[in-house]
There are 2 protein chains.
Amino acid sequence: MFEITTQMIQVFAILVAFLALGFAAWLYTWVKAQPSSNARIAEIGEYIRKGANTFLKREYLVLARFTAVAAVLVFVLLPHPIWAGDITKNIWMAVSYIFGTILSALAGKIGIQIATIANIKSAEAAQKGIKPSFMTGFRGGAVMGMAVVGTSLLGITVVLMLVGDATSLLGFSFGASSLALFAKAGGGIFTKTADISADLVGKVELGIPEDDPRNPAVIADNVGDNVGDVAGMGADLFDSNVASMSAALVMATALGGIASKNVIMVFAYAAIGLLSSIIGVATARIGKNGDPNKALSSSTYVTTAVFAVLTALTTYLFGFQWRIWAATAVGLIVGTVIGIATDYFTNDNKPPVQEVAKASKSGPAFTILSGFSYGLLSCLPALIGIAISALVAFKVCAPLGAATGQEAEYGMFGISMAALGMLSIVGMIISNDAYGPIVDNARGLAEMGGFGEKVIAITDELDSAGNTVKAVTKGFSISAAGLTVIALLGAFMSEVNTAAQELGLVAAGESLIKNFDIMNPTVFFGLIIGVAIPAIFSAMLMLGVDKNAQRMVDEIHRQFDTIPGLKEGREDAKPDYDKCIDIATTGALKELIPAGFVAIVSTIAVGLIGGTQAIGGFLTGNIASGLLLALLMSNAGGTWDNAKKYVEAGNCGGKGSVAHKAAVVGDTVGDPFKDTAGPSINTQITVVSLVSSLLAVIFLQFSIF
Amino acid sequence: MFEITTQMIQVFAILVAFLALGFAAWLYTWVKAQPSSNARIAEIGEYIRKGANTFLKREYLVLARFTAVAAVLVFVLLPHPIWAGDITKNIWMAVSYIFGTILSALAGKIGIQIATIANIKSAEAAQKGIKPSFMTGFRGGAVMGMAVVGTSLLGITVVLMLVGDATSLLGFSFGASSLALFAKAGGGIFTKTADISADLVGKVELGIPEDDPRNPAVIADNVGDNVGDVAGMGADLFDSNVASMSAALVMATALGGIASKNVIMVFAYAAIGLLSSIIGVATARIGKNGDPNKALSSSTYVTTAVFAVLTALTTYLFGFQWRIWAATAVGLIVGTVIGIATDYFTNDNKPPVQEVAKASKSGPAFTILSGFSYGLLSCLPALIGIAISALVAFKVCAPLGAATGQEAEYGMFGISMAALGMLSIVGMIISNDAYGPIVDNARGLAEMGGFGEKVIAITDELDSAGNTVKAVTKGFSISAAGLTVIALLGAFMSEVNTAAQELGLVAAGESLIKNFDIMNPTVFFGLIIGVAIPAIFSAMLMLGVDKNAQRMVDEIHRQFDTIPGLKEGREDAKPDYDKCIDIATTGALKELIPAGFVAIVSTIAVGLIGGTQAIGGFLTGNIASGLLLALLMSNAGGTWDNAKKYVEAGNCGGKGSVAHKAAVVGDTVGDPFKDTAGPSINTQITVVSLVSSLLAVIFLQFSIF
């Protein structure tokens, strides 16, 4: 058995992080070096790149103002009000917070940078076959995956090394989450506004193909893929990853201080997770006429296996607790099972999607009803998986605390490690996920560049694999977020107890609260209010898309009506792409702020009314309805999307049939479900959990009940 | 101050119950004595009556078998396994259970009996103006209201007098609920199968009017209104009413025995609630050209006011606790507020419905997205209302237990009284609710009888008032069910503790469990699984409707294709109404059983895996997701229904416009939302709560964790 210190493992983590960043740089250069020659595509690609950067710039300007205000509040109030203690801690907290927001924003920026290059290269490569096109798209996605996970590991390690206090990680994590909340919501509104409007006028009303360059919203649609699915998703998974590591570290530190073996183990596992993802990405291959679906999933399995083996080896070598390894492994296994179950409900080779397509023959109402019902059913495996992994992880790890009366603490630590296990392969997941919008864009560019049917068919196949993978990774990340917030519930309780000791409410070493009792009416009050928040939040986002899309549809109509020759596709008739991008941008920025505020302000309101007990209930209610709605919306959306694709592939009457029209309606409903509201709920529940932990000391001192 | 005993108040309750039943009989005679002369209507009315009775007979046959099996299980296992104690209690429990199922079934039967008469009479009366038509419809509904509440009060009182043990009330209540679960689900599937299929082929494909006698499904549609909205709803509200009274009585008895003032108070308030409803019904009036909406709501307000005053008076005269009166009043007030909020989201004079209609101009996807979003938003006021009334009721009543250390028990009793308060005017609510399908049928009969546009316009106005009232009463009853199941959570805990004492696990007077701690992983496990159940349950019901409707659409097509002259409306071409009724019946019976089983079996599974702690979490998760989904589905459905009506009234393009077609899609999606899945969830969560309480002793002895 080898001895190892916290500092040594932190250095190791930093090295792995740099390895990942270096690998990302190499991949970036590789993608950039791929040939491209088509002037038309270069022009359109430039439009997309500019549009995406414009949106990002305007969004970050708005968020910078929000962040500045929030940073001041963090400084004044956290970890204690500045008038009540050591001001140094408040400075570090504010710095950690700002650092979190900057790294989260950077993750989005890097994603946009590579995605808007890789889409062009992948489209061009498709002319040479599926293999080069896939590799370009996949390696483009991997730049994002490596960069996001590398920076998050680096950020966490640096913050902990500098500040030496795990609570500051909550500040860092809150920075990441609050930015992710708005980035995901804003990007989600933008992308679906453009997507829906473009489809509605182009495909449905005028019957012109998807991605037809005559459509004024077509560039906005492609920009949307980047700002929503790449930048937003990057910020989101950066945040989940940071939150799960922070929760594990807060609890490990509370158990045995920062030098303890558990802390070392968290760093070791996180670094190994990233290392496994590097190996998975580096070994990803596709045959000459290979199946992109298989290539993506086999590299995921490689990552998973490498992680399981390497962590076991480390545990053996350094004498970590096997029980904690088991909890991590449970998370990993359950995550995989949830992924497979999600695939069942959203894959067009499986009954649910085909049933929805069949139901569509009776009209759109049946598309909606059946897709919604399967969406509800699809929650079951994921919820059972979360419930079982939480229970097993807790029960397996609790005995570690038997000698010191810390069963509950070790149990909760086990849950946080299960979440870490589920997210361990996040580098691979982000790579797969970012691959989706890149090849989706490539498909659009191939169409607009006039590359012909054969090339479009190749990009179509790549795109379809992207859709399936996307649904699977979404199920994965929602479940991991679920486990993380359960762990954050534990973190909240330990923050409350620490604060109570500092305030002198209880003696050192004593706990003020030991449980959140459902029969306590204050807890129950919080719980019921907590149930409402994800519902309100997602409703506001969807109404935002709805309103914004209506504005955009009007604009598209205006352009088709007033620009002579546009409908007919005359050479000299150019649509005003920028105007559509501007509408989507302005609308998204207008609609995202209130939804984010509702989540944060309601948490503060419940805490000030009912105190820490109400917050315990509130977080629970939030998790309950948040998980349900997020799974329902993501999966129903995926089912509808693929039901449409299934019909378009010639089933149930094929393109132009009644079933097709109905399936398009389903897809349109599903778009904001799966790309705006559903995945934003993830971030919403994480933000609410972090706000609660951070404000624990305030709720303890000032509350009505 | 006057002295009063439990026996005296029970006699009073029985007298009031008989007064209600007598009043129901008088109203029944009155309705029956209304003139009817049109042979065509009589013929069609007879079809409807026969169809409804056939369905009911076949459904009750299936349920009789289920009940017989369940009664044997109840006898063998409850309140203890027969091998482990006094068998007399088991006999009484089984008898109470069967009694509950019979009365619940009777409530449905009475409803069908009067509704299938009142619909004809109301249609005929419409020829003379709105006033006689309204009075006939309303008094028909009131027969149902009086009969249901009268029998439930009678049943509860008799069971408690005979058995002398409040636990037996849970058996009675479980009987009522288990029948209601299947009646509501079966009726809900039947009614929406018929409604959707008739609309889809008739209105959408062929463009013939609603209720056109050429449509083979038109009679099935009218039958559906009766078996779903009258019989199913009657069983449902019978069950809610019984459950809330049972919960209150179980807790009152646990606090101070059966002779205590609290028990007397529960009976007094329940009897006064019924008395107030009698007064409300008796004084309901409408002017000659009056507004039916106003007439319905003003009689509801009369009932509310009478209840508040009479209970205050009784409290003063008999020296009941003012704090408990206050808890009851809070329930009543919050119920009214929730009703008003629901009205806001579903009334076509208010922004949400109009926005949905406006969004429909862009196509059905926007109808769905906006309606769904408003449905999500509409959960907020109801959830806040439930949360506040639970918190306030608890806090107001808890001090009553300060002297004896029973704060929590008194608090939970307060919550059960708030539920009772919310449901106190249930007699009035059922009357209003049953009025809806009666006048809906009357509209159909007026159309089929060829009474002309003016008469149809009158029935349309009555029908529209019915729709609004229905949405309001649904919000009311879902919220009351929410409070009731919170109270049942308390009942479950007291059952567990009683059982633990009887099993010798703790000393007499001691409690085995004092809380359900969210941080306990077993509780959390149950909670997450509990969240999934309402989702699965409602998905199964909706898929049932979906499948069944597809079968029926095929049959309607077959008839139009093979019966010569049917489409053209030739005199001699008669559709085969019975075949459609048969399909709806067979399908509904086939689909209802699995959904009900899932609810019951999952409860047993969770209890056997995680024991009583897991059940505590399970019930909480069930309440959380059940309330969310029930409110969402009922309200979104109501919004879509009225958005369609709003468009049909000439807005946003009126009939035949793009908006109209989209709104019809919304309405079709909303139908199973609001009439099948949404309101069934009520019953589902109640059943799960009762099963848990009844099996407490089993879960205590046999569980894995």
# chains A, B, ... in the order shown; residues from 1 in each chain; ligands from 1
call {"tool": "residues_around", "arguments": {"residues": "Ala176 (chain B)", "least_positions_apart": "5", "cutoff": "6 Å", "atoms": "only C-alpha atoms", "output": "list in words"}}
result
Gly100, Thr101, Ser104 and Asp239 of chain B
call {"tool": "write_last_selection", "arguments": {"atoms": "all heavy atoms", "output": "mmCIF file, in the first residue's frame"}}
result
data_model
loop_
_atom_site.group_PDB
_atom_site.id
_atom_site.type_symbol
_atom_site.label_atom_id
_atom_site.label_comp_id
_atom_site.auth_asym_id
_atom_site.auth_seq_id
_atom_site.Cartn_x
_atom_site.Cartn_y
_atom_site.Cartn_z
ATOM 1 N N GLY B 100 -68.414 -0.154 2.144
ATOM 2 C CA GLY B 100 -67.863 1.006 1.427
ATOM 3 C C GLY B 100 -67.982 0.854 -0.074
ATOM 4 O O GLY B 100 -68.388 1.787 -0.779
ATOM 5 N N THR B 101 -67.655 -0.331 -0.590
ATOM 6 C CA THR B 101 -67.746 -0.516 -2.039
ATOM 7 C C THR B 101 -69.197 -0.428 -2.508
ATOM 8 O O THR B 101 -69.484 0.172 -3.541
ATOM 9 C CB THR B 101 -67.182 -1.888 -2.479
ATOM 10 O OG1 THR B 101 -67.933 -2.922 -1.857
ATOM 11 C CG2 THR B 101 -65.726 -2.037 -2.116
ATOM 12 N N SER B 104 -70.419 3.146 -2.515
ATOM 13 C CA SER B 104 -69.771 3.899 -3.583
ATOM 14 C C SER B 104 -70.401 3.547 -4.932
ATOM 15 O O SER B 104 -70.680 4.423 -5.759
ATOM 16 C CB SER B 104 -68.279 3.577 -3.579
ATOM 17 O OG SER B 104 -67.606 4.296 -4.564
ATOM 18 N N ASP B 239 -65.874 9.120 -2.306
ATOM 19 C CA ASP B 239 -64.636 8.639 -1.710
ATOM 20 C C ASP B 239 -63.855 9.747 -1.011
ATOM 21 O O ASP B 239 -63.413 9.585 0.134
ATOM 22 C CB ASP B 239 -63.824 7.992 -2.832
ATOM 23 C CG ASP B 239 -62.345 8.088 -2.613
ATOM 24 O OD1 ASP B 239 -61.891 7.620 -1.558
ATOM 25 O OD2 ASP B 239 -61.649 8.622 -3.490
#
call {"tool": "interface_residues", "arguments": {"of": "chain A", "to": "chain B", "cutoff": "6 Å", "atoms": "only C-alpha atoms", "output": "number ranges by chain"}}
result
A: 365, 373, 376-377, 380, 387, 391, 515-518, 521, 525, 528, 532, 535-536, 539, 665, 668-669
call {"tool": "closest_residue", "arguments": {"among": "A:Trp92, A:Asn222, A:Val242, A:Gly145", "to": "Thr193 (chain A)", "atoms": "only C-alpha atoms"}}
result
A:Asn222
call {"tool": "select_by_dssp", "arguments": {"residues": "region 420-531 of chain B", "states": "helix (DSSP H, G or I)", "output": "VMD selection string"}}
result
chain B and resid 420 to 423 426 to 448 453 to 502 521 to 531
call {"tool": "residues_around", "arguments": {"residues": "Thr603 (chain A)", "least_positions_apart": "2", "cutoff": "9 Å", "atoms": "only C-alpha atoms", "output": "PyMOL selection string"}}
result
chain A and resi 530+598-601+605-608+615+618-619+688-689+691-692
call {"tool": "residues_around", "arguments": {"residues": "Ala39 (chain B)", "least_positions_apart": "3", "cutoff": "12 Å", "atoms": "only C-alpha atoms", "output": "PDB file with N, CA and C atoms, in the first residue's frame"}}
result
ATOM      1  N   SER B  36     -92.440  15.954 -20.791  1.00  0.00           N
ATOM      2  CA  SER B  36     -91.649  15.549 -21.960  1.00  0.00           C
ATOM      3  C   SER B  36     -92.598  14.886 -22.938  1.00  0.00           C
ATOM      4  N   ALA B  42     -87.177  10.968 -26.745  1.00  0.00           N
ATOM      5  CA  ALA B  42     -87.412   9.864 -25.823  1.00  0.00           C
ATOM      6  C   ALA B  42     -86.668   8.629 -26.306  1.00  0.00           C
ATOM      7  N   GLU B  43     -86.706   8.436 -27.619  1.00  0.00           N
ATOM      8  CA  GLU B  43     -86.037   7.266 -28.185  1.00  0.00           C
ATOM      9  C   GLU B  43     -84.528   7.346 -27.940  1.00  0.00           C
ATOM     10  N   ILE B  44     -83.966   8.500 -28.282  1.00  0.00           N
ATOM     11  CA  ILE B  44     -82.514   8.650 -28.109  1.00  0.00           C
ATOM     12  C   ILE B  44     -82.143   8.578 -26.628  1.00  0.00           C
ATOM     13  N   GLY B  45     -82.958   9.244 -25.819  1.00  0.00           N
ATOM     14  CA  GLY B  45     -82.704   9.222 -24.381  1.00  0.00           C
ATOM     15  C   GLY B  45     -82.685   7.793 -23.864  1.00  0.00           C
ATOM     16  N   GLU B  46     -83.567   6.994 -24.415  1.00  0.00           N
ATOM     17  CA  GLU B  46     -83.645   5.594 -24.006  1.00  0.00           C
ATOM     18  C   GLU B  46     -82.360   4.845 -24.402  1.00  0.00           C
ATOM     19  N   ILE B 120     -83.103  14.467 -20.646  1.00  0.00           N
ATOM     20  CA  ILE B 120     -84.266  14.599 -21.538  1.00  0.00           C
ATOM     21  C   ILE B 120     -85.135  15.774 -21.118  1.00  0.00           C
ATOM     22  N   GLU B 124     -86.028  19.230 -23.181  1.00  0.00           N
ATOM     23  CA  GLU B 124     -87.398  19.635 -23.502  1.00  0.00           C
ATOM     24  C   GLU B 124     -87.715  21.006 -22.904  1.00  0.00           C
ATOM     25  N   LEU B 445     -79.166  16.168 -27.035  1.00  0.00           N
ATOM     26  CA  LEU B 445     -80.528  15.720 -27.343  1.00  0.00           C
ATOM     27  C   LEU B 445     -81.273  16.783 -28.135  1.00  0.00           C
ATOM     28  N   MET B 448     -80.041  16.465 -31.622  1.00  0.00           N
ATOM     29  CA  MET B 448     -80.533  15.271 -32.306  1.00  0.00           C
ATOM     30  C   MET B 448     -82.037  15.304 -32.511  1.00  0.00           C
ATOM     31  N   GLY B 449     -82.763  15.982 -31.570  1.00  0.00           N
ATOM     32  CA  GLY B 449     -84.210  16.073 -31.698  1.00  0.00           C
ATOM     33  C   GLY B 449     -84.632  17.148 -32.686  1.00  0.00           C
ATOM     34  N   GLY B 450     -83.664  17.896 -33.205  1.00  0.00           N
ATOM     35  CA  GLY B 450     -83.983  18.940 -34.166  1.00  0.00           C
ATOM     36  C   GLY B 450     -84.808  20.063 -33.571  1.00  0.00           C
TER      37      GLY B 450
END
call {"tool": "closest_residue", "arguments": {"among": "B:Tyr646, B:Thr29, B:Gly51, B:Pro81", "to": "Glu355 (chain B)", "atoms": "only C-alpha atoms"}}
result
B:Tyr646
call {"tool": "atom_distance", "arguments": {"atom1": "CA of Ala357 (chain B)", "atom2": "CA of Val472 (chain B)"}}
result
20.3 Å
call {"tool": "atom_distance", "arguments": {"atom1": "CA of Asp582 (chain B)", "atom2": "CA of Val148 (chain B)"}}
result
28.1 Å
call {"tool": "residues_around", "arguments": {"residues": "Ile98 (chain A)", "least_positions_apart": "2", "cutoff": "8 Å", "atoms": "only C-alpha atoms", "output": "MDAnalysis selection string"}}
result
chainID A and resid 67 71 94:96 100:102 172 175
call {"tool": "write_last_selection", "arguments": {"atoms": "all heavy atoms", "output": "PDB file, in the first residue's frame"}}
result
ATOM      1  N   THR A  67     -23.813  39.108 -12.653  1.00  0.00           N
ATOM      2  CA  THR A  67     -22.742  38.532 -11.843  1.00  0.00           C
ATOM      3  C   THR A  67     -22.138  39.568 -10.916  1.00  0.00           C
ATOM      4  O   THR A  67     -21.822  39.281  -9.753  1.00  0.00           O
ATOM      5  CB  THR A  67     -21.643  37.975 -12.768  1.00  0.00           C
ATOM      6  OG1 THR A  67     -22.241  37.055 -13.661  1.00  0.00           O
ATOM      7  CG2 THR A  67     -20.568  37.282 -11.986  1.00  0.00           C
ATOM      8  N   ALA A  71     -22.042  39.135  -7.092  1.00  0.00           N
ATOM      9  CA  ALA A  71     -20.750  39.038  -6.401  1.00  0.00           C
ATOM     10  C   ALA A  71     -20.707  39.974  -5.203  1.00  0.00           C
ATOM     11  O   ALA A  71     -20.182  39.622  -4.138  1.00  0.00           O
ATOM     12  CB  ALA A  71     -19.617  39.357  -7.369  1.00  0.00           C
ATOM     13  N   ALA A  94     -16.312  35.615  -2.564  1.00  0.00           N
ATOM     14  CA  ALA A  94     -16.672  36.394  -3.747  1.00  0.00           C
ATOM     15  C   ALA A  94     -15.741  36.067  -4.914  1.00  0.00           C
ATOM     16  O   ALA A  94     -16.178  35.929  -6.064  1.00  0.00           O
ATOM     17  CB  ALA A  94     -16.636  37.884  -3.429  1.00  0.00           C
ATOM     18  N   VAL A  95     -14.446  35.920  -4.587  1.00  0.00           N
ATOM     19  CA  VAL A  95     -13.485  35.591  -5.641  1.00  0.00           C
ATOM     20  C   VAL A  95     -13.802  34.216  -6.244  1.00  0.00           C
ATOM     21  O   VAL A  95     -13.801  34.038  -7.468  1.00  0.00           O
ATOM     22  CB  VAL A  95     -12.041  35.618  -5.072  1.00  0.00           C
ATOM     23  CG1 VAL A  95     -11.066  35.031  -6.079  1.00  0.00           C
ATOM     24  CG2 VAL A  95     -11.648  37.044  -4.716  1.00  0.00           C
ATOM     25  N   SER A  96     -14.094  33.250  -5.379  1.00  0.00           N
ATOM     26  CA  SER A  96     -14.445  31.912  -5.875  1.00  0.00           C
ATOM     27  C   SER A  96     -15.674  31.986  -6.765  1.00  0.00           C
ATOM     28  O   SER A  96     -15.754  31.327  -7.811  1.00  0.00           O
ATOM     29  CB  SER A  96     -14.743  30.960  -4.719  1.00  0.00           C
ATOM     30  OG  SER A  96     -13.679  30.927  -3.811  1.00  0.00           O
ATOM     31  N   GLY A 100     -15.857  30.994 -10.662  1.00  0.00           N
ATOM     32  CA  GLY A 100     -16.814  29.996 -11.177  1.00  0.00           C
ATOM     33  C   GLY A 100     -17.558  30.496 -12.390  1.00  0.00           C
ATOM     34  O   GLY A 100     -17.705  29.787 -13.398  1.00  0.00           O
ATOM     35  N   THR A 101     -18.026  31.756 -12.321  1.00  0.00           N
ATOM     36  CA  THR A 101     -18.773  32.283 -13.464  1.00  0.00           C
ATOM     37  C   THR A 101     -17.873  32.405 -14.687  1.00  0.00           C
ATOM     38  O   THR A 101     -18.284  32.092 -15.801  1.00  0.00           O
ATOM     39  CB  THR A 101     -19.383  33.672 -13.174  1.00  0.00           C
ATOM     40  OG1 THR A 101     -18.331  34.577 -12.878  1.00  0.00           O
ATOM     41  CG2 THR A 101     -20.344  33.629 -12.018  1.00  0.00           C
ATOM     42  N   ILE A 102     -16.616  32.838 -14.460  1.00  0.00           N
ATOM     43  CA  ILE A 102     -15.720  33.040 -15.601  1.00  0.00           C
ATOM     44  C   ILE A 102     -15.406  31.712 -16.281  1.00  0.00           C
ATOM     45  O   ILE A 102     -15.493  31.587 -17.506  1.00  0.00           O
ATOM     46  CB  ILE A 102     -14.411  33.732 -15.150  1.00  0.00           C
ATOM     47  CG1 ILE A 102     -14.723  35.177 -14.755  1.00  0.00           C
ATOM     48  CG2 ILE A 102     -13.363  33.704 -16.266  1.00  0.00           C
ATOM     49  CD1 ILE A 102     -13.555  35.928 -14.176  1.00  0.00           C
ATOM     50  N   PHE A 172     -17.786  28.739  -5.543  1.00  0.00           N
ATOM     51  CA  PHE A 172     -17.304  28.477  -6.894  1.00  0.00           C
ATOM     52  C   PHE A 172     -18.393  27.776  -7.708  1.00  0.00           C
ATOM     53  O   PHE A 172     -18.717  28.160  -8.836  1.00  0.00           O
ATOM     54  CB  PHE A 172     -16.049  27.598  -6.795  1.00  0.00           C
ATOM     55  CG  PHE A 172     -15.459  27.196  -8.108  1.00  0.00           C
ATOM     56  CD1 PHE A 172     -14.814  28.113  -8.928  1.00  0.00           C
ATOM     57  CD2 PHE A 172     -15.533  25.875  -8.531  1.00  0.00           C
ATOM     58  CE1 PHE A 172     -14.263  27.730 -10.141  1.00  0.00           C
ATOM     59  CE2 PHE A 172     -14.986  25.483  -9.745  1.00  0.00           C
ATOM     60  CZ  PHE A 172     -14.351  26.412 -10.554  1.00  0.00           C
ATOM     61  N   GLY A 175     -21.208  30.029  -8.569  1.00  0.00           N
ATOM     62  CA  GLY A 175     -20.841  30.863  -9.715  1.00  0.00           C
ATOM     63  C   GLY A 175     -21.078  30.115 -11.014  1.00  0.00           C
ATOM     64  O   GLY A 175     -21.705  30.634 -11.950  1.00  0.00           O
TER      65      GLY A 175
END
call {"tool": "atom_distance", "arguments": {"atom1": "CA of Ile698 (chain A)", "atom2": "CA of Ser177 (chain A)"}}
result
20.4 Å
call {"tool": "residues_around", "arguments": {"residues": "Thr116 (chain A)", "least_positions_apart": "5", "cutoff": "8 Å", "atoms": "only C-alpha atoms", "output": "PDB file with N, CA and C atoms, in the first residue's frame"}}
result
ATOM      1  N   GLY A  45     -20.834  29.467 -43.169  1.00  0.00           N
ATOM      2  CA  GLY A  45     -20.201  29.145 -41.893  1.00  0.00           C
ATOM      3  C   GLY A  45     -19.796  30.408 -41.145  1.00  0.00           C
ATOM      4  N   ILE A  48     -22.775  31.922 -39.506  1.00  0.00           N
ATOM      5  CA  ILE A  48     -23.132  31.207 -38.277  1.00  0.00           C
ATOM      6  C   ILE A  48     -22.172  31.594 -37.150  1.00  0.00           C
ATOM      7  N   ARG A  49     -20.864  31.598 -37.476  1.00  0.00           N
ATOM      8  CA  ARG A  49     -19.878  31.919 -36.457  1.00  0.00           C
ATOM      9  C   ARG A  49     -20.126  33.312 -35.893  1.00  0.00           C
ATOM     10  N   ASN A 226     -25.675  26.035 -31.946  1.00  0.00           N
ATOM     11  CA  ASN A 226     -24.417  26.314 -31.264  1.00  0.00           C
ATOM     12  C   ASN A 226     -24.611  26.958 -29.902  1.00  0.00           C
ATOM     13  N   ILE A 438     -22.809  19.719 -33.875  1.00  0.00           N
ATOM     14  CA  ILE A 438     -21.814  19.937 -34.931  1.00  0.00           C
ATOM     15  C   ILE A 438     -22.252  19.246 -36.221  1.00  0.00           C
TER      16      ILE A 438
END
call {"tool": "residues_around", "arguments": {"residues": "Gly164 (chain B)", "least_positions_apart": "2", "cutoff": "12 Å", "atoms": "only C-alpha atoms", "output": "JSON, numbers by chain"}}
result
{"B": [6, 7, 89, 92, 93, 96, 156, 157, 158, 159, 160, 161, 162, 166, 167, 168, 169, 249, 250, 253, 257, 258, 259]}
